[in-house]
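A short worksheet on the structure shown next.
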Amino acid sequence: MCGILGQIVLTNRVDANSFLRMLNTLEHRGPDGQGIWMSNNQQVAFGHRRLSFFDLTENGKQPMHSNDGYLHLTYNGEIYNFQALKKELEAEYSFHSNCDSEVILAAYRQWGISCISKFEGMFSFALFDEQLNEVFLVRDRFGIKPLYYSIQNNQFLFASELKAMVECADVEKRLNYGAMMDFFVYRYIPSPKTIWQDMYKVPPAHYLRVKLSDFSNSLVEYWTIQVGDEYVGKEVFSEAYKLELKKSVEAHVQADVPIGSFLSGGFDSSTLAIMGKEINQAHEWQTFTVGFENWEKSEDQFADLLCQQHQIVNKKVSLNKTSLDDLDFMPNVYDEPIADISIIPTYAVSKLARKYRKAVLSGEGADELFLGYHWQKEWVLESANSWEFWRKKKKLVPFYSQAMSMGNFDRQELMQLFHPTLHEHIPQNVNWFYDSHAKEHWPKEKAIQYLDMKCFMGELVLTKIDRASMANSLEVRVPFLTHQAFEKVFQHRKSDYFDLEKPKYPIYSFLKNRVSMDLLARKKQGFVGPDDYYMDLSFYKEALKDSCLIADGIISSAYIDQQFSETYNWRLWKIVVFEKWYAHWRKYISK
């Protein structure tokens, strides 16, 4: 796992010192080494920070170049089927390394940009084809790995994180007020927007093709998912899925260094811990857990139960109310405001894990696959009762927006929060992003699964896990997130994988003879802490006492005072997260 950077200019030359400063902002993503390549005319520069897992020699160093010298690559990620692809390509390409980076070059040389349909894994990369005089920016199907870009002032920039582009003196840093409004609706800023004007995300499952003659470009979606009506029964489906998951875990534990896993004691992380230990015999399997002091639901107790039963070494970190002070550091970790309530716990457990491992497995994606979230079940149950469902005239997007809000900001609330001069930036339809992914004609369960895949998981969960882990130079691998698994689930009826009494049935089926009833009967719990951890009004009052947002005329002090009159108010969490971000990045904003 790595950090990547690129700068291409139409006139003059790339400033080598400035480029190095930009690259150094990504050191945490790749502390094992760095590389910089510049074209002969010094108008194209690629940079790379390396966190190495395969071919730890200099042969795996990036930026990497094809044998003929016409292709140049800087790449972040893991292609888990690279060995199979390498065997397929060996007759046509002479390899000099044992890493997946070179396989990308060989695959592109053989199949062109359509090669990405053959890649299984998590990746973002930039490939410069000198013969076409074009650059391709490619992001994996689910958005596990990040990729940003900007075209302004006769230059094209791309990077793994926004902070690298913000470091560039030639780029204007103007707030995107429309994206700011989106943050308060969604808890994140949806693709392709970012918090900065004229800086963008490459959306998941897309690539950007850029002509270097004039920076004209096109954004192409290269993977979509289809629904079907296949039926084989829960037992047949579950047995087939368990074999596929085992293959995925086997691929995800491949490395020349030891691997571990996050562990909450829930179904998904327990499955990965058990499978990981069974498959990876070369090294002692270790797990990593975060708990909360003085909380009867703290997950470390469930993780301990599993580890005792399976003789797994578990390392733990405990948080308390003072851990909220770490919110001051989060703007440097996440670059953009992100108000998931587990941003601090995720950072803390990543910091713990990095003391012992360079990579861990994590359970993201299982709930999206098998209807594991409570709002999915609620939607499925309500829609199953067709008369009641249609009597209430339930619509997917309003239902989903309310479920996701964690402190609802509709258009009216935004008008009260923000200064009147900013009201023009409030969208007429605040749920525009959900609407863009709403498949109203699909089966009800598939429609909400797709929304979670594209919105909740693709924009919030995976962003959180990438930044928190890579800030600690830790790679997180997600074996549930294979495109084959999602394609298969979406082709089958929900009765093949959904059982109200036995949640996430294929995973339940794997665990039922491997864990105690205490764990098997445990209700799903999000990766959160106790409510009073977040609902201490004194914390919010202190955090907003000298608000930069109020001082700069962005938000209303009267609205904030009104929020303090409520004792249970998730809107305050979003406001303080944005305040912390704004106070940290304020000095960079172009005047």
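So you can find residues: chains in the structure tokens are A, B, ... in the order shown, residues in each start at 1, and ligands are numbered from 1 in order.
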Discussion item. Env of stretch 69-86 of chain A: 9 Å cut, atoms = only C-alpha atoms, seq-sep filter 3 positions within chain, self excluded. Answer as a ChimeraX atom specification.
Written reply: /A:1-6,37,46-48,50,62-66,89-90,93,95,98-109,118-131,144-146,160,248,251-252,254,477
Fill in: Neighbour list for stretch 177-192 of chain A as a ChimeraX atom specification, cut-off 10 Å, only C-alpha atoms, skip fewer than 4 positions in-chain
/A:148-149,196-197,199-204,336-341,401-402,404-411,413-415,417-418,422-427,430-434,454-456,458-461,463-464,554,571,573-575,577-578
Test item, alpha helix (DSSP H) assignment across stretch 41-257 of chain A, answer as a compact mmCIF listing (two decimals) with N, CA and C atoms, in the first residue's frame:
```
# COMPACT_ATOMS: atom_id res chain seq x y z
N PHE A 82 -2.64 -11.25 -9.15
CA PHE A 82 -1.54 -10.84 -10.05
C PHE A 82 -0.67 -12.02 -10.48
N GLN A 83 -0.54 -13.04 -9.62
CA GLN A 83 0.29 -14.18 -10.00
C GLN A 83 -0.33 -14.93 -11.17
N ALA A 84 -1.66 -15.10 -11.15
CA ALA A 84 -2.32 -15.78 -12.27
C ALA A 84 -2.21 -14.95 -13.55
N LEU A 85 -2.37 -13.65 -13.43
CA LEU A 85 -2.24 -12.79 -14.60
C LEU A 85 -0.80 -12.80 -15.12
N LYS A 86 0.14 -12.86 -14.21
CA LYS A 86 1.55 -12.88 -14.62
C LYS A 86 1.85 -14.13 -15.47
N LYS A 87 1.31 -15.26 -15.03
CA LYS A 87 1.52 -16.49 -15.80
C LYS A 87 0.91 -16.37 -17.19
N GLU A 88 -0.24 -15.73 -17.27
CA GLU A 88 -0.92 -15.55 -18.55
C GLU A 88 -0.13 -14.63 -19.48
N LEU A 89 0.64 -13.70 -18.90
CA LEU A 89 1.33 -12.68 -19.68
C LEU A 89 2.80 -12.99 -19.95
N ASP A 100 2.97 -6.92 -8.07
CA ASP A 100 1.78 -6.70 -8.89
C ASP A 100 1.88 -5.44 -9.75
N SER A 101 2.75 -4.51 -9.36
CA SER A 101 2.88 -3.27 -10.13
C SER A 101 3.27 -3.56 -11.58
N GLU A 102 4.25 -4.43 -11.76
CA GLU A 102 4.71 -4.73 -13.11
C GLU A 102 3.65 -5.47 -13.91
N VAL A 103 2.80 -6.23 -13.24
CA VAL A 103 1.71 -6.93 -13.92
C VAL A 103 0.73 -5.93 -14.52
N ILE A 104 0.49 -4.80 -13.84
CA ILE A 104 -0.38 -3.76 -14.38
C ILE A 104 0.18 -3.25 -15.70
N LEU A 105 1.47 -2.97 -15.74
CA LEU A 105 2.10 -2.49 -16.97
C LEU A 105 1.98 -3.51 -18.09
N ALA A 106 2.27 -4.77 -17.76
CA ALA A 106 2.21 -5.82 -18.78
C ALA A 106 0.78 -6.03 -19.27
N ALA A 107 -0.17 -5.97 -18.34
CA ALA A 107 -1.58 -6.16 -18.72
C ALA A 107 -2.06 -5.02 -19.62
N TYR A 108 -1.68 -3.81 -19.31
CA TYR A 108 -2.07 -2.68 -20.16
C TYR A 108 -1.42 -2.81 -21.53
N ARG A 109 -0.17 -3.22 -21.58
CA ARG A 109 0.51 -3.39 -22.86
C ARG A 109 -0.21 -4.43 -23.72
N GLN A 110 -0.78 -5.45 -23.06
CA GLN A 110 -1.45 -6.53 -23.79
C GLN A 110 -2.89 -6.19 -24.17
N TRP A 111 -3.63 -5.59 -23.23
CA TRP A 111 -5.08 -5.44 -23.43
C TRP A 111 -5.57 -3.99 -23.44
N LEU A 162 -5.83 14.67 -0.48
CA LEU A 162 -5.95 16.08 -0.82
C LEU A 162 -4.80 16.91 -0.30
N LYS A 163 -4.25 16.53 0.85
CA LYS A 163 -3.21 17.36 1.47
C LYS A 163 -2.01 17.56 0.54
N ALA A 164 -1.74 16.58 -0.33
CA ALA A 164 -0.62 16.72 -1.26
C ALA A 164 -0.90 17.83 -2.27
N MET A 165 -2.13 17.92 -2.75
CA MET A 165 -2.47 18.96 -3.72
C MET A 165 -2.60 20.32 -3.05
N VAL A 166 -3.09 20.33 -1.82
CA VAL A 166 -3.18 21.60 -1.08
C VAL A 166 -1.79 22.20 -0.88
N TYR A 177 -18.58 25.54 -1.37
CA TYR A 177 -19.69 25.73 -0.43
C TYR A 177 -20.82 24.73 -0.66
N GLY A 178 -20.99 24.31 -1.91
CA GLY A 178 -21.99 23.27 -2.16
C GLY A 178 -21.61 21.97 -1.49
N ALA A 179 -20.31 21.61 -1.53
CA ALA A 179 -19.83 20.41 -0.85
C ALA A 179 -19.98 20.54 0.66
N MET A 180 -19.79 21.75 1.16
CA MET A 180 -19.98 22.00 2.59
C MET A 180 -21.42 21.66 3.01
N MET A 181 -22.39 22.08 2.21
CA MET A 181 -23.79 21.76 2.49
C MET A 181 -23.99 20.25 2.47
N ASP A 182 -23.39 19.59 1.48
CA ASP A 182 -23.51 18.13 1.38
C ASP A 182 -23.00 17.43 2.63
N PHE A 183 -21.91 17.92 3.19
CA PHE A 183 -21.35 17.30 4.39
C PHE A 183 -22.39 17.21 5.50
N PHE A 184 -23.13 18.28 5.71
CA PHE A 184 -24.09 18.28 6.81
C PHE A 184 -25.29 17.37 6.54
N VAL A 185 -25.54 17.08 5.28
CA VAL A 185 -26.62 16.15 4.93
C VAL A 185 -26.14 14.71 5.05
N TYR A 186 -24.94 14.41 4.51
CA TYR A 186 -24.49 13.03 4.35
C TYR A 186 -23.50 12.54 5.40
N LYS A 234 -30.80 -21.59 0.71
CA LYS A 234 -29.80 -21.02 1.63
C LYS A 234 -28.60 -21.93 1.83
N GLU A 235 -28.83 -23.22 1.98
CA GLU A 235 -27.72 -24.11 2.30
C GLU A 235 -26.75 -24.23 1.13
N VAL A 236 -27.29 -24.40 -0.06
CA VAL A 236 -26.42 -24.50 -1.24
C VAL A 236 -25.66 -23.19 -1.45
N PHE A 237 -26.37 -22.08 -1.35
CA PHE A 237 -25.72 -20.78 -1.53
C PHE A 237 -24.63 -20.57 -0.48
N SER A 238 -24.91 -20.91 0.78
CA SER A 238 -23.96 -20.67 1.86
C SER A 238 -22.69 -21.50 1.69
N GLU A 239 -22.85 -22.76 1.30
CA GLU A 239 -21.67 -23.61 1.12
C GLU A 239 -20.79 -23.07 0.00
N ALA A 240 -21.41 -22.63 -1.08
CA ALA A 240 -20.63 -22.07 -2.18
C ALA A 240 -19.94 -20.77 -1.75
N TYR A 241 -20.67 -19.94 -0.99
CA TYR A 241 -20.06 -18.67 -0.57
C TYR A 241 -18.89 -18.90 0.37
N LYS A 242 -18.99 -19.86 1.27
CA LYS A 242 -17.90 -20.11 2.22
C LYS A 242 -16.61 -20.51 1.49
N LEU A 243 -16.76 -21.26 0.42
CA LEU A 243 -15.59 -21.62 -0.37
C LEU A 243 -14.98 -20.40 -1.04
N GLU A 244 -15.86 -19.51 -1.55
CA GLU A 244 -15.37 -18.29 -2.19
C GLU A 244 -14.70 -17.36 -1.19
N LEU A 245 -15.27 -17.26 0.01
CA LEU A 245 -14.67 -16.41 1.03
C LEU A 245 -13.32 -16.95 1.46
N LYS A 246 -13.22 -18.26 1.60
CA LYS A 246 -11.93 -18.86 1.97
C LYS A 246 -10.87 -18.54 0.91
N LYS A 247 -11.24 -18.63 -0.37
CA LYS A 247 -10.30 -18.26 -1.43
C LYS A 247 -9.89 -16.80 -1.32
N SER A 248 -10.86 -15.95 -0.99
CA SER A 248 -10.55 -14.53 -0.86
C SER A 248 -9.60 -14.28 0.31
N VAL A 249 -9.85 -14.91 1.44
CA VAL A 249 -8.96 -14.73 2.60
C VAL A 249 -7.57 -15.25 2.27
N GLU A 250 -7.50 -16.38 1.59
CA GLU A 250 -6.19 -16.92 1.20
C GLU A 250 -5.42 -15.90 0.36
N ALA A 251 -6.11 -15.23 -0.55
CA ALA A 251 -5.46 -14.21 -1.38
C ALA A 251 -5.06 -13.00 -0.55
N HIS A 252 -5.90 -12.62 0.41
CA HIS A 252 -5.66 -11.40 1.19
C HIS A 252 -4.58 -11.56 2.25
```
May I have a table of the residues of stretch 272-370 of chain A lying at most 9 Å from stretch 506-522 of chain A, giving each one's closest pair of atoms and their distance in Å to one decimal, counting only C-alpha atoms, ordered by chain and ascending residue number, as a tab-separated table?
```
residue	atom	partner	partner_atom	distance
A:Ile274	CA	A:Arg514	CA	8.5
A:Phe302	CA	A:Leu519	CA	6.9
A:Leu305	CA	A:Leu519	CA	8.0
A:Leu306	CA	A:Val515	CA	6.8
A:Gln309	CA	A:Val515	CA	7.5
A:His310	CA	A:Arg514	CA	8.7
A:Ala366	CA	A:Ile507	CA	8.6
A:Phe370	CA	A:Pro506	CA	8.1
```
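Of the residues listed (A:Asn154, A:Thr194, A:Asn332, A:Gln412), A:Thr194 shows the shortest atom-to-atom separation from A:Arg174; distances use only C-alpha atoms.
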Worksheet item: Of the candidates A:Leu175, A:Asn153, A:Leu369, A:Thr482, which shows the shortest atom-to-atom distance to A:Val9, using only C-alpha atoms?
Response: A:Asn153
Who sits within 10 Å of A:Ile312, only C-alpha atoms, same chain under 2 positions skipped, as a JSON list (two decimals) with all heavy atoms, in the first residue's frame:
```json
[["chain", "number", "residue", "atom", "x", "y", "z"],
["A", 273, "ALA", "N", -11.03, -13.62, 11.60],
["A", 273, "ALA", "CA", -10.02, -14.03, 12.56],
["A", 273, "ALA", "C", -9.83, -15.55, 12.55],
["A", 273, "ALA", "O", -8.70, -16.06, 12.55],
["A", 273, "ALA", "CB", -10.40, -13.56, 13.97],
["A", 274, "ILE", "N", -10.95, -16.28, 12.51],
["A", 274, "ILE", "CA", -10.87, -17.75, 12.50],
["A", 274, "ILE", "C", -10.26, -18.24, 11.20],
["A", 274, "ILE", "O", -9.34, -19.07, 11.20],
["A", 274, "ILE", "CB", -12.28, -18.35, 12.72],
["A", 274, "ILE", "CG1", -12.78, -18.02, 14.13],
["A", 274, "ILE", "CG2", -12.25, -19.86, 12.50],
["A", 274, "ILE", "CD1", -14.25, -18.31, 14.33],
["A", 277, "LYS", "N", -6.47, -17.35, 10.91],
["A", 277, "LYS", "CA", -5.59, -18.22, 11.70],
["A", 277, "LYS", "C", -5.46, -19.60, 11.07],
["A", 277, "LYS", "O", -4.37, -20.17, 11.04],
["A", 277, "LYS", "CB", -6.13, -18.36, 13.12],
["A", 277, "LYS", "CG", -5.14, -19.09, 14.01],
["A", 277, "LYS", "CD", -5.70, -19.45, 15.35],
["A", 277, "LYS", "CE", -4.62, -20.22, 16.11],
["A", 277, "LYS", "NZ", -5.16, -21.06, 17.16],
["A", 284, "GLU", "N", 2.25, -16.29, 13.71],
["A", 284, "GLU", "CA", 1.23, -16.23, 14.75],
["A", 284, "GLU", "C", 0.17, -15.21, 14.35],
["A", 284, "GLU", "O", 0.48, -14.09, 13.97],
["A", 284, "GLU", "CB", 1.87, -15.82, 16.08],
["A", 284, "GLU", "CG", 0.86, -15.63, 17.20],
["A", 284, "GLU", "CD", 1.49, -15.06, 18.46],
["A", 284, "GLU", "OE1", 1.97, -13.91, 18.42],
["A", 284, "GLU", "OE2", 1.50, -15.77, 19.48],
["A", 285, "TRP", "N", -1.11, -15.62, 14.42],
["A", 285, "TRP", "CA", -2.18, -14.71, 14.07],
["A", 285, "TRP", "C", -2.50, -13.82, 15.26],
["A", 285, "TRP", "O", -2.73, -14.31, 16.37],
["A", 285, "TRP", "CB", -3.43, -15.48, 13.65],
["A", 285, "TRP", "CG", -4.44, -14.61, 12.97],
["A", 285, "TRP", "CD1", -5.54, -14.06, 13.52],
["A", 285, "TRP", "CD2", -4.41, -14.17, 11.62],
["A", 285, "TRP", "NE1", -6.22, -13.29, 12.61],
["A", 285, "TRP", "CE2", -5.54, -13.34, 11.43],
["A", 285, "TRP", "CE3", -3.54, -14.38, 10.55],
["A", 285, "TRP", "CZ2", -5.82, -12.74, 10.19],
["A", 285, "TRP", "CZ3", -3.81, -13.79, 9.34],
["A", 285, "TRP", "CH2", -4.95, -12.97, 9.15],
["A", 286, "GLN", "N", -2.54, -12.54, 15.02],
["A", 286, "GLN", "CA", -2.88, -11.58, 16.07],
["A", 286, "GLN", "C", -4.08, -10.76, 15.65],
["A", 286, "GLN", "O", -4.25, -10.44, 14.48],
["A", 286, "GLN", "CB", -1.70, -10.65, 16.37],
["A", 286, "GLN", "CG", -0.53, -11.33, 17.07],
["A", 286, "GLN", "CD", 0.53, -10.34, 17.51],
["A", 286, "GLN", "OE1", 0.46, -9.16, 17.21],
["A", 286, "GLN", "NE2", 1.53, -10.83, 18.22],
["A", 287, "THR", "N", -4.92, -10.42, 16.65],
["A", 287, "THR", "CA", -6.08, -9.57, 16.39],
["A", 287, "THR", "C", -5.98, -8.31, 17.24],
["A", 287, "THR", "O", -5.26, -8.27, 18.25],
["A", 287, "THR", "CB", -7.39, -10.31, 16.70],
["A", 287, "THR", "OG1", -7.35, -10.78, 18.06],
["A", 287, "THR", "CG2", -7.58, -11.49, 15.76],
["A", 303, "ALA", "N", -14.61, -9.96, 21.94],
["A", 303, "ALA", "CA", -13.38, -10.36, 21.26],
["A", 303, "ALA", "C", -12.57, -11.31, 22.12],
["A", 303, "ALA", "O", -12.00, -12.30, 21.64],
["A", 303, "ALA", "CB", -12.56, -9.11, 20.91],
["A", 304, "ASP", "N", -12.52, -11.05, 23.42],
["A", 304, "ASP", "CA", -11.80, -11.93, 24.33],
["A", 304, "ASP", "C", -12.38, -13.34, 24.33],
["A", 304, "ASP", "O", -11.64, -14.34, 24.36],
["A", 304, "ASP", "CB", -11.84, -11.37, 25.75],
["A", 304, "ASP", "CG", -10.89, -10.19, 25.96],
["A", 304, "ASP", "OD1", -9.99, -10.03, 25.12],
["A", 304, "ASP", "OD2", -11.07, -9.45, 26.92],
["A", 306, "LEU", "N", -13.93, -14.93, 21.90],
["A", 306, "LEU", "CA", -13.53, -15.63, 20.68],
["A", 306, "LEU", "C", -12.07, -16.06, 20.75],
["A", 306, "LEU", "O", -11.71, -17.19, 20.39],
["A", 306, "LEU", "CB", -13.76, -14.73, 19.47],
["A", 306, "LEU", "CG", -13.39, -15.43, 18.16],
["A", 306, "LEU", "CD1", -14.60, -16.12, 17.55],
["A", 306, "LEU", "CD2", -12.78, -14.47, 17.16],
["A", 307, "CYS", "N", -11.22, -15.16, 21.21],
["A", 307, "CYS", "CA", -9.78, -15.45, 21.23],
["A", 307, "CYS", "C", -9.43, -16.55, 22.23],
["A", 307, "CYS", "O", -8.52, -17.35, 22.00],
["A", 307, "CYS", "CB", -9.00, -14.17, 21.53],
["A", 307, "CYS", "SG", -9.04, -13.00, 20.15],
["A", 308, "GLN", "N", -10.14, -16.60, 23.33],
["A", 308, "GLN", "CA", -9.93, -17.68, 24.29],
["A", 308, "GLN", "C", -10.29, -19.03, 23.67],
["A", 308, "GLN", "O", -9.59, -20.02, 23.85],
["A", 308, "GLN", "CB", -10.75, -17.43, 25.55],
["A", 308, "GLN", "CG", -10.24, -16.29, 26.40],
["A", 308, "GLN", "CD", -11.25, -15.83, 27.43],
["A", 308, "GLN", "OE1", -12.25, -16.50, 27.68],
["A", 308, "GLN", "NE2", -11.01, -14.66, 28.02],
["A", 309, "GLN", "N", -11.38, -19.06, 22.94],
["A", 309, "GLN", "CA", -11.85, -20.30, 22.33],
["A", 309, "GLN", "C", -10.91, -20.78, 21.23],
["A", 309, "GLN", "O", -10.71, -21.98, 21.05],
["A", 309, "GLN", "CB", -13.26, -20.11, 21.78],
["A", 309, "GLN", "CG", -13.88, -21.38, 21.21],
["A", 309, "GLN", "CD", -15.31, -21.17, 20.76],
["A", 309, "GLN", "OE1", -15.90, -20.13, 20.99],
["A", 309, "GLN", "NE2", -15.88, -22.16, 20.09],
["A", 310, "HIS", "N", -10.32, -19.84, 20.49],
["A", 310, "HIS", "CA", -9.51, -20.22, 19.33],
["A", 310, "HIS", "C", -8.01, -19.97, 19.52],
["A", 310, "HIS", "O", -7.25, -20.03, 18.56],
["A", 310, "HIS", "CB", -10.01, -19.47, 18.10],
["A", 310, "HIS", "CG", -11.35, -19.95, 17.61],
["A", 310, "HIS", "ND1", -11.50, -21.00, 16.74],
["A", 310, "HIS", "CD2", -12.62, -19.56, 17.93],
["A", 310, "HIS", "CE1", -12.78, -21.22, 16.51],
["A", 310, "HIS", "NE2", -13.49, -20.35, 17.21],
["A", 314, "ASN", "N", -4.85, -11.52, 21.29],
["A", 314, "ASN", "CA", -5.60, -10.30, 21.02],
["A", 314, "ASN", "C", -4.98, -9.12, 21.75],
["A", 314, "ASN", "O", -4.75, -9.18, 22.96],
["A", 314, "ASN", "CB", -7.06, -10.46, 21.45],
["A", 314, "ASN", "CG", -7.93, -9.31, 20.99],
["A", 314, "ASN", "OD1", -7.79, -8.82, 19.87],
["A", 314, "ASN", "ND2", -8.84, -8.87, 21.84],
["A", 315, "LYS", "N", -4.72, -8.05, 21.03],
["A", 315, "LYS", "CA", -4.21, -6.82, 21.62],
["A", 315, "LYS", "C", -5.36, -5.81, 21.68],
["A", 315, "LYS", "O", -6.15, -5.70, 20.75],
["A", 315, "LYS", "CB", -3.07, -6.24, 20.77],
["A", 315, "LYS", "CG", -1.93, -7.22, 20.50],
["A", 315, "LYS", "CD", -1.14, -7.52, 21.75],
["A", 315, "LYS", "CE", 0.06, -8.40, 21.43],
["A", 315, "LYS", "NZ", 0.84, -8.73, 22.64]]
```
With only C-alpha atoms counted and 12 Å as the cut-off, give the residues of stretch 343-432 of chain A in contact with stretch 134-142 of chain A, each with its shortest interatomic distance in Å and the pair that gives it, as a tab-separated table.
```
residue	atom	partner	partner_atom	distance
A:Glu364	CA	A:Phe142	CA	10.9
A:Gly365	CA	A:Phe142	CA	9.6
A:Glu368	CA	A:Phe142	CA	11.6
```
Item to complete: Name the residues in contact with A:Arg49 at a cut-off of 7 Å, using only C-alpha atoms, excluding same-chain residues fewer than 3 positions from it; report them as number ranges by chain.
Response: A: 2-4, 26-27, 29-31, 33-35
Worksheet item: If you run DSSP on this backbone, which residues of stretch 306-456 of chain A come out as strand (DSSP E), and could you give them as JSON, numbers by chain?
Response: {"A": [313, 314, 315, 316, 317, 318, 319, 359, 360, 361]}
Residues at most 12 Å from stretch 531-534 of chain A, counting only C-alpha atoms, excluding those fewer than 2 positions away in the same chain, as a PDB file with C-alpha atoms, in the first residue's frame?
```pdb
ATOM      1  CA  PHE A 292     -14.613   1.662  25.938  1.00  0.00           C
ATOM      2  CA  GLU A 293     -14.092   2.018  29.658  1.00  0.00           C
ATOM      3  CA  ASN A 294     -17.101   1.558  31.950  1.00  0.00           C
ATOM      4  CA  TRP A 295     -19.449   0.400  29.204  1.00  0.00           C
ATOM      5  CA  LYS A 297     -21.497  -3.287  25.722  1.00  0.00           C
ATOM      6  CA  LEU A 319     -11.003   4.648  25.132  1.00  0.00           C
ATOM      7  CA  ASN A 320     -12.800   7.018  27.477  1.00  0.00           C
ATOM      8  CA  LYS A 321     -14.260  10.523  27.269  1.00  0.00           C
ATOM      9  CA  THR A 322     -10.816  12.103  27.166  1.00  0.00           C
ATOM     10  CA  SER A 323     -10.301  10.328  23.829  1.00  0.00           C
ATOM     11  CA  LEU A 324     -12.576  12.935  22.264  1.00  0.00           C
ATOM     12  CA  ASP A 325      -9.611  15.296  22.525  1.00  0.00           C
ATOM     13  CA  LEU A 327     -10.796  15.079  17.401  1.00  0.00           C
ATOM     14  CA  ALA A 339     -18.539  12.799  10.723  1.00  0.00           C
ATOM     15  CA  ASP A 340     -18.734   9.055  11.179  1.00  0.00           C
ATOM     16  CA  ILE A 341     -18.796   8.563  14.949  1.00  0.00           C
ATOM     17  CA  SER A 342     -16.111   5.884  14.795  1.00  0.00           C
ATOM     18  CA  ILE A 344     -11.505   8.171  16.623  1.00  0.00           C
ATOM     19  CA  PRO A 345     -11.905   4.463  17.540  1.00  0.00           C
ATOM     20  CA  MET A 406     -27.179  11.011  12.375  1.00  0.00           C
ATOM     21  CA  VAL A 528     -19.380   2.962  18.160  1.00  0.00           C
ATOM     22  CA  GLY A 529     -19.127   3.853  21.834  1.00  0.00           C
ATOM     23  CA  ASP A 536     -21.517  15.548  26.718  1.00  0.00           C
ATOM     24  CA  LEU A 537     -22.749  19.090  25.998  1.00  0.00           C
ATOM     25  CA  SER A 538     -19.828  20.602  27.899  1.00  0.00           C
ATOM     26  CA  PHE A 539     -17.492  19.141  25.254  1.00  0.00           C
ATOM     27  CA  TYR A 540     -19.438  20.803  22.445  1.00  0.00           C
ATOM     28  CA  THR A 567     -29.673  17.234  25.553  1.00  0.00           C
ATOM     29  CA  TYR A 568     -29.410  14.606  22.795  1.00  0.00           C
ATOM     30  CA  ASN A 569     -28.295  16.225  19.584  1.00  0.00           C
ATOM     31  CA  TRP A 570     -26.252  14.580  16.859  1.00  0.00           C
ATOM     32  CA  ARG A 571     -26.244  17.776  14.815  1.00  0.00           C
ATOM     33  CA  LEU A 572     -23.655  19.136  17.246  1.00  0.00           C
ATOM     34  CA  TRP A 573     -21.306  16.285  16.358  1.00  0.00           C
ATOM     35  CA  LYS A 574     -21.370  17.262  12.671  1.00  0.00           C
ATOM     36  CA  VAL A 576     -17.908  20.308  15.755  1.00  0.00           C
ATOM     37  CA  VAL A 577     -16.286  17.938  13.242  1.00  0.00           C
TER      38      VAL A 577
END
```
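Here the question is which of A:Ser362, A:Asn217, A:Gln226, A:Gln416 gets nearest to A:Ser261 using only C-alpha atoms, and that residue is A:Ser362.
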Worksheet item: Which residue, A:Asp68, A:Asp328, A:Glu92, A:Asp561, has the smallest gap to A:Ala543 when you use only C-alpha atoms?
Response: A:Asp328
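Closest to A:His374 among A:Val171, A:Lys504, A:Gln563, A:Tyr356 is A:Lys504, based on only C-alpha atoms.
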